[in-house]
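The next block holds one structure in the form of structure tokens; read it before the comments.
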Amino acid sequence: MRVLITGAAGFLGSHLSDRFIKEGHTVIGMDNLITGNMDNIAHLFGNEKFSFIKHDVSNHIYVSGELDAVLHFASPASPNDYLEHPIPTLKVGSLGTHNTLGLAKVKNARYLLASTSEVYGDPEVNPQPETYWGNVNPIGPRGVYDEAKRFSEAMVLAYQRYHGLETRIVRIFNTYGPRMRLHDGRVVPNFIYQALVGKPLTVYGDGSQTRSFQYYTDLVEGIYRLLFSAEKLPVNIGNPTEMTILEFAQQVVKVAGSKSDILFTEPGQDRFTDDPKVRRPDISKARRVLQWEPKVGLEEGLQQTIEYFRNRV
Ligand code: UDP
């Protein structure tokens, strides 16, 4: 297959590019580099199956030749990033989704959207099945990301229903691993960095909010299966092992062999506004339609990720 991956220089886009190339496909990577990093794909340069176009997909996209699949992964994804780039985040989720869908339509390519557990907002149902409609504040600071992704999903379904486009939607839950940016502001790099340099781990609020963390290899496997599956409606891909952020902090300290303390703190600048109090994927659908479930436990995934960050601190 000849595949376009938007956001290819990002954490997930670069790992997906690796996977498609490993499977023998040809990948065209596209990224505007506002949060992507060329270091993530530097190893692919010189590979005849990979090419790169620096472009902002919120503007008209031109790709020559045939395409068999379009995977739309471009978007800021860390709350710090989308609070800093609210308008590009809204644009890439709306205009970028429209442009990539239009491209998939003219190329008669299969389309896969990277959606998110943020479509469930601050959920009143836990765990969240795909049938849950969510609890999102459209005008809150996180609304720029959540509503962009909800709009993306609506647009994808419209192309599926009205243009007959073959589309897939993955709802990605918190994912971590090598190639996250050390200072992207998300909890995994923050805590690992703090643990490695001996600073206190900054737990926001009382740390009773929960998340469920999956290692990136599990996600990549789920996405690869979803693209080739017959499932046309959204599928959650995440690890259902839920824990409080305080427990997560303690786990990072332990696995890193660190002496860091825990610091309970309130971050400024809207960072904690509308922070979901719980989050856990219901993965019955992924189990049923993709025969998929996560394989990598937290300790193993954290060890690999800590190793990666250790070399960068
Ligand atoms: N968080 C924290 N300390 C940090 C960074 C994040 O306690 O230094 C918390 C944050 O408030 C949230 C959770 O960790 O409850 C996950 O945050 P993250 O930014 O990784 O992503 P989110 O799941 O909110 O999109």
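In the structure tokens, the first chain shown is A, the next is B, and so on; residue numbers restart at 1 for each chain, and ligands run from 1 in the order shown.
Omitting Asp282 of chain A and its sequence neighbours fewer than 5 positions away, and counting only C-alpha atoms, the residues within 10 Å are Asn126, Pro127, Gln128, Pro129, Glu130, Val235, Asn236, Ile237, Gly238, Asn239, Pro240 and Arg287 of chain A.
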Test item: residues at most 10 Å from Arg168 of chain A, only C-alpha atoms, excluding those fewer than 4 positions along its chain, as a PyMOL selection string
chain A and resi 71+110-115+153+156-157+160+223+226-235
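Here the question is which of A:Tyr62, A:Phe309, A:Phe173, A:Tyr132 gets nearest to ligand 1 using only C-alpha atoms and all ligand atoms, and that residue is A:Phe173.
Candidate residues A:Ser152, A:Thr26, A:Thr116, A:Ser75 were compared for distance to ligand 1, and the nearest is A:Thr116, using only C-alpha atoms and all ligand atoms.
Taking atom CA of Asn47 of chain A and atom CA of Met1 of chain A as endpoints, the distance between them is 15.7 Å.
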Please write out the residues within 10 Å of ligand 1 as an MDAnalysis selection string, counting only C-alpha atoms and all ligand atoms.
chainID A and resid 77:81 116:118 121:122 142 145 173:176 184:194 200:213 244:246 248:249 263:267 271:279
What lies within 10 Å of Glu221 of chain A using only C-alpha atoms, ignoring chain neighbours under 2 positions off, as an mmCIF file with all heavy atoms, in the first residue's frame?
```cif
data_model
loop_
_atom_site.group_PDB
_atom_site.id
_atom_site.type_symbol
_atom_site.label_atom_id
_atom_site.label_comp_id
_atom_site.auth_asym_id
_atom_site.auth_seq_id
_atom_site.Cartn_x
_atom_site.Cartn_y
_atom_site.Cartn_z
ATOM 1 N N LEU A 16 3.849 4.778 13.893
ATOM 2 C CA LEU A 16 2.990 4.170 12.866
ATOM 3 C C LEU A 16 3.731 4.067 11.538
ATOM 4 O O LEU A 16 3.623 3.060 10.830
ATOM 5 C CB LEU A 16 1.754 5.038 12.644
ATOM 6 C CG LEU A 16 0.508 4.726 13.430
ATOM 7 C CD1 LEU A 16 -0.563 5.725 13.040
ATOM 8 C CD2 LEU A 16 0.021 3.303 13.182
ATOM 9 N N ARG A 19 5.864 1.133 11.588
ATOM 10 C CA ARG A 19 5.123 -0.119 11.468
ATOM 11 C C ARG A 19 4.719 -0.397 10.017
ATOM 12 O O ARG A 19 4.877 -1.512 9.510
ATOM 13 C CB ARG A 19 3.881 -0.076 12.370
ATOM 14 C CG ARG A 19 2.947 -1.272 12.218
ATOM 15 C CD ARG A 19 3.612 -2.579 12.697
ATOM 16 N NE ARG A 19 2.781 -3.734 12.413
ATOM 17 C CZ ARG A 19 1.948 -4.289 13.279
ATOM 18 N NH1 ARG A 19 1.845 -3.814 14.509
ATOM 19 N NH2 ARG A 19 1.222 -5.345 12.944
ATOM 20 N N TYR A 216 2.785 2.311 23.760
ATOM 21 C CA TYR A 216 2.501 2.635 22.355
ATOM 22 C C TYR A 216 2.455 1.408 21.439
ATOM 23 O O TYR A 216 1.738 1.410 20.440
ATOM 24 C CB TYR A 216 3.532 3.654 21.831
ATOM 25 C CG TYR A 216 4.854 3.032 21.461
ATOM 26 C CD1 TYR A 216 5.141 2.669 20.144
ATOM 27 C CD2 TYR A 216 5.814 2.764 22.427
ATOM 28 C CE1 TYR A 216 6.343 2.066 19.804
ATOM 29 C CE2 TYR A 216 7.017 2.166 22.090
ATOM 30 C CZ TYR A 216 7.264 1.810 20.775
ATOM 31 O OH TYR A 216 8.437 1.195 20.434
ATOM 32 N N THR A 217 3.211 0.368 21.761
ATOM 33 C CA THR A 217 3.222 -0.804 20.858
ATOM 34 C C THR A 217 1.837 -1.455 20.794
ATOM 35 O O THR A 217 1.428 -1.947 19.746
ATOM 36 C CB THR A 217 4.265 -1.855 21.294
ATOM 37 O OG1 THR A 217 4.050 -2.157 22.684
ATOM 38 C CG2 THR A 217 5.677 -1.334 21.092
ATOM 39 N N ASP A 218 1.140 -1.446 21.922
ATOM 40 C CA ASP A 218 -0.221 -2.004 21.928
ATOM 41 C C ASP A 218 -1.144 -1.163 21.046
ATOM 42 O O ASP A 218 -1.952 -1.690 20.287
ATOM 43 C CB ASP A 218 -0.768 -2.054 23.362
ATOM 44 C CG ASP A 218 -0.137 -3.184 24.172
ATOM 45 O OD1 ASP A 218 0.195 -4.228 23.571
ATOM 46 O OD2 ASP A 218 0.015 -3.027 25.395
ATOM 47 N N LEU A 219 -1.006 0.143 21.157
ATOM 48 C CA LEU A 219 -1.844 1.030 20.343
ATOM 49 C C LEU A 219 -1.580 0.819 18.851
ATOM 50 O O LEU A 219 -2.519 0.700 18.047
ATOM 51 C CB LEU A 219 -1.577 2.494 20.708
ATOM 52 C CG LEU A 219 -2.306 3.495 19.808
ATOM 53 C CD1 LEU A 219 -3.805 3.449 20.046
ATOM 54 C CD2 LEU A 219 -1.778 4.907 20.009
ATOM 55 N N ILE A 223 -4.319 -0.131 15.994
ATOM 56 C CA ILE A 223 -4.614 0.728 14.838
ATOM 57 C C ILE A 223 -4.415 -0.061 13.541
ATOM 58 O O ILE A 223 -5.218 0.020 12.608
ATOM 59 C CB ILE A 223 -3.703 1.980 14.853
ATOM 60 C CG1 ILE A 223 -4.109 2.885 16.009
ATOM 61 C CG2 ILE A 223 -3.767 2.727 13.519
ATOM 62 C CD1 ILE A 223 -3.119 4.001 16.306
ATOM 63 N N TYR A 224 -3.343 -0.836 13.505
ATOM 64 C CA TYR A 224 -3.054 -1.618 12.294
ATOM 65 C C TYR A 224 -4.200 -2.608 12.031
ATOM 66 O O TYR A 224 -4.682 -2.735 10.914
ATOM 67 C CB TYR A 224 -1.717 -2.347 12.456
ATOM 68 C CG TYR A 224 -1.137 -2.784 11.138
ATOM 69 C CD1 TYR A 224 -0.491 -1.875 10.306
ATOM 70 C CD2 TYR A 224 -1.246 -4.107 10.702
ATOM 71 C CE1 TYR A 224 0.031 -2.259 9.081
ATOM 72 C CE2 TYR A 224 -0.722 -4.507 9.477
ATOM 73 C CZ TYR A 224 -0.084 -3.576 8.673
ATOM 74 O OH TYR A 224 0.420 -3.962 7.458
ATOM 75 N N ARG A 225 -4.652 -3.258 13.089
ATOM 76 C CA ARG A 225 -5.774 -4.203 12.922
ATOM 77 C C ARG A 225 -7.054 -3.478 12.514
ATOM 78 O O ARG A 225 -7.821 -3.975 11.691
ATOM 79 C CB ARG A 225 -6.037 -4.951 14.232
ATOM 80 C CG ARG A 225 -4.966 -5.945 14.540
ATOM 81 C CD ARG A 225 -5.324 -6.752 15.761
ATOM 82 N NE ARG A 225 -4.172 -7.563 16.124
ATOM 83 C CZ ARG A 225 -4.242 -8.704 16.765
ATOM 84 N NH1 ARG A 225 -5.409 -9.178 17.150
ATOM 85 N NH2 ARG A 225 -3.155 -9.376 17.046
ATOM 86 N N LEU A 226 -7.292 -2.314 13.125
ATOM 87 C CA LEU A 226 -8.529 -1.577 12.827
ATOM 88 C C LEU A 226 -8.575 -1.161 11.357
ATOM 89 O O LEU A 226 -9.620 -1.291 10.707
ATOM 90 C CB LEU A 226 -8.633 -0.342 13.734
ATOM 91 C CG LEU A 226 -9.818 0.584 13.464
ATOM 92 C CD1 LEU A 226 -11.152 -0.139 13.681
ATOM 93 C CD2 LEU A 226 -9.748 1.834 14.358
ATOM 94 N N ILE A 237 -9.168 2.187 21.834
ATOM 95 C CA ILE A 237 -7.949 1.400 22.018
ATOM 96 C C ILE A 237 -7.208 2.004 23.210
ATOM 97 O O ILE A 237 -6.763 3.151 23.167
ATOM 98 C CB ILE A 237 -7.051 1.408 20.758
ATOM 99 C CG1 ILE A 237 -7.772 0.785 19.550
ATOM 100 C CG2 ILE A 237 -5.745 0.666 21.025
ATOM 101 C CD1 ILE A 237 -7.930 -0.723 19.561
ATOM 102 N N LEU A 290 -11.644 -6.817 16.803
ATOM 103 C CA LEU A 290 -10.241 -6.821 16.347
ATOM 104 C C LEU A 290 -9.440 -7.970 16.968
ATOM 105 O O LEU A 290 -8.259 -8.129 16.661
ATOM 106 C CB LEU A 290 -9.543 -5.497 16.709
ATOM 107 C CG LEU A 290 -10.220 -4.186 16.283
ATOM 108 C CD1 LEU A 290 -9.431 -2.986 16.792
ATOM 109 C CD2 LEU A 290 -10.369 -4.126 14.771
ATOM 110 N N TRP A 292 -8.248 -7.889 19.736
ATOM 111 C CA TRP A 292 -7.103 -7.141 20.253
ATOM 112 C C TRP A 292 -7.247 -6.945 21.754
ATOM 113 O O TRP A 292 -8.355 -6.736 22.261
ATOM 114 C CB TRP A 292 -7.054 -5.754 19.585
ATOM 115 C CG TRP A 292 -6.015 -4.843 20.183
ATOM 116 C CD1 TRP A 292 -4.721 -4.707 19.788
ATOM 117 C CD2 TRP A 292 -6.174 -3.944 21.296
ATOM 118 N NE1 TRP A 292 -4.067 -3.791 20.581
ATOM 119 C CE2 TRP A 292 -4.937 -3.313 21.521
ATOM 120 C CE3 TRP A 292 -7.252 -3.635 22.146
ATOM 121 C CZ2 TRP A 292 -4.732 -2.379 22.538
ATOM 122 C CZ3 TRP A 292 -7.047 -2.702 23.169
ATOM 123 C CH2 TRP A 292 -5.794 -2.084 23.349
ATOM 124 N N GLU A 293 -6.138 -7.022 22.459
ATOM 125 C CA GLU A 293 -6.081 -6.528 23.832
ATOM 126 C C GLU A 293 -4.642 -6.142 24.136
ATOM 127 O O GLU A 293 -3.722 -6.620 23.479
ATOM 128 C CB GLU A 293 -6.622 -7.556 24.834
ATOM 129 C CG GLU A 293 -5.862 -8.842 24.857
ATOM 130 C CD GLU A 293 -6.449 -9.822 25.865
ATOM 131 O OE1 GLU A 293 -7.543 -9.595 26.401
ATOM 132 O OE2 GLU A 293 -5.761 -10.825 26.111
ATOM 133 N N PRO A 294 -4.444 -5.242 25.122
ATOM 134 C CA PRO A 294 -3.075 -4.814 25.410
ATOM 135 C C PRO A 294 -2.235 -5.956 25.975
ATOM 136 O O PRO A 294 -2.740 -6.822 26.676
ATOM 137 C CB PRO A 294 -3.256 -3.699 26.439
ATOM 138 C CG PRO A 294 -4.641 -3.841 26.960
ATOM 139 C CD PRO A 294 -5.448 -4.545 25.933
#
```
Which of these residues is nearest to Asn32 of chain A, using only C-alpha atoms: A:Met243, A:Ala8, A:Ala109, A:Val63?
A:Ala8
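Considering only C-alpha atoms, the residue among A:Leu103, A:Leu95, A:Val27, A:Ile34 positioned nearest to Phe50 of chain A is A:Val27.
Across A:Arg181, A:Arg150, A:Arg288, A:Lys105, the tightest approach to Gly164 of chain A is made by A:Lys105 when counting only C-alpha atoms.
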From segment 22-252 of chain A, collect each residue whose DSSP state is alpha helix (DSSP H) and return the set as a ChimeraX atom specification.
/A:22,79-84,86-107,143-163,187-197,216-228,245-252
Write out as number ranges by chain the residues lying within 10 Å of segment 51-59 of chain A, counting only C-alpha atoms and excluding same-chain residues fewer than 2 positions away.
A: 4-9, 26-34, 38, 41, 44-49, 61-63, 72, 74-75, 88-100
I need the residues from that last selection saved to file as a PDB file, in the first residue's frame (with C-alpha atoms), if you can.
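Below is the file selection-v3.pdb, written as the result:
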```pdb
ATOM      1  CA  LEU A   4      -0.197   9.078   3.804  1.00  0.00           C
ATOM      2  CA  ILE A   5       0.350   9.637   7.534  1.00  0.00           C
ATOM      3  CA  THR A   6      -0.293  13.158   8.804  1.00  0.00           C
ATOM      4  CA  GLY A   7       1.532  14.063  12.007  1.00  0.00           C
ATOM      5  CA  ALA A   8       4.271  11.638  10.935  1.00  0.00           C
ATOM      6  CA  ALA A   9       6.970  13.425  12.945  1.00  0.00           C
ATOM      7  CA  THR A  26       5.313   2.895   1.313  1.00  0.00           C
ATOM      8  CA  VAL A  27       4.765   5.859   3.638  1.00  0.00           C
ATOM      9  CA  ILE A  28       4.454   9.532   2.823  1.00  0.00           C
ATOM     10  CA  GLY A  29       4.841  11.422   6.074  1.00  0.00           C
ATOM     11  CA  MET A  30       3.403  14.908   6.468  1.00  0.00           C
ATOM     12  CA  ASP A  31       3.878  17.297   9.386  1.00  0.00           C
ATOM     13  CA  ASN A  32       4.029  21.048   9.984  1.00  0.00           C
ATOM     14  CA  LEU A  33       6.385  20.448  12.932  1.00  0.00           C
ATOM     15  CA  ILE A  34       4.560  22.656  15.441  1.00  0.00           C
ATOM     16  CA  MET A  38      12.230  15.480  12.867  1.00  0.00           C
ATOM     17  CA  ILE A  41      11.778  10.125  11.716  1.00  0.00           C
ATOM     18  CA  LEU A  44      13.674   6.809   7.941  1.00  0.00           C
ATOM     19  CA  PHE A  45      15.447   9.261   5.670  1.00  0.00           C
ATOM     20  CA  GLY A  46      17.316   7.350   3.003  1.00  0.00           C
ATOM     21  CA  ASN A  47      14.735   4.558   3.117  1.00  0.00           C
ATOM     22  CA  GLU A  48      13.204   4.371  -0.370  1.00  0.00           C
ATOM     23  CA  LYS A  49       9.837   3.481   1.157  1.00  0.00           C
ATOM     24  CA  ILE A  61      -3.118  19.175   0.468  1.00  0.00           C
ATOM     25  CA  TYR A  62      -1.476  18.020  -2.718  1.00  0.00           C
ATOM     26  CA  VAL A  63      -0.008  14.533  -3.007  1.00  0.00           C
ATOM     27  CA  HIS A  72      -4.910  11.503  10.004  1.00  0.00           C
ATOM     28  CA  ALA A  74      -1.797  15.480  12.930  1.00  0.00           C
ATOM     29  CA  SER A  75      -2.816  17.478  16.014  1.00  0.00           C
ATOM     30  CA  PRO A  88      -4.220  25.535  15.082  1.00  0.00           C
ATOM     31  CA  THR A  89      -5.727  22.701  17.175  1.00  0.00           C
ATOM     32  CA  LEU A  90      -9.264  23.658  16.129  1.00  0.00           C
ATOM     33  CA  LYS A  91      -8.131  24.077  12.535  1.00  0.00           C
ATOM     34  CA  VAL A  92      -6.326  20.768  12.196  1.00  0.00           C
ATOM     35  CA  GLY A  93      -9.308  18.922  13.677  1.00  0.00           C
ATOM     36  CA  SER A  94     -11.800  20.698  11.408  1.00  0.00           C
ATOM     37  CA  LEU A  95     -10.111  21.971   8.221  1.00  0.00           C
ATOM     38  CA  GLY A  96      -7.353  19.352   8.441  1.00  0.00           C
ATOM     39  CA  THR A  97      -9.894  16.571   8.748  1.00  0.00           C
ATOM     40  CA  HIS A  98     -11.905  17.991   5.858  1.00  0.00           C
ATOM     41  CA  ASN A  99      -8.819  18.293   3.651  1.00  0.00           C
ATOM     42  CA  THR A 100      -7.534  14.803   4.438  1.00  0.00           C
TER      43      THR A 100
END
```
Select from segment 61-144 of chain A everything DSSP, run on the backbone, classes as strand (DSSP E or B), then give the selection as a VMD selection string.
chain A and resid 69 to 72 110 to 116 121 128 135
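Taking atom CA of Ile306 of chain A and atom CA of Gly257 of chain A as the two end points, the separation is 10.4 Å.
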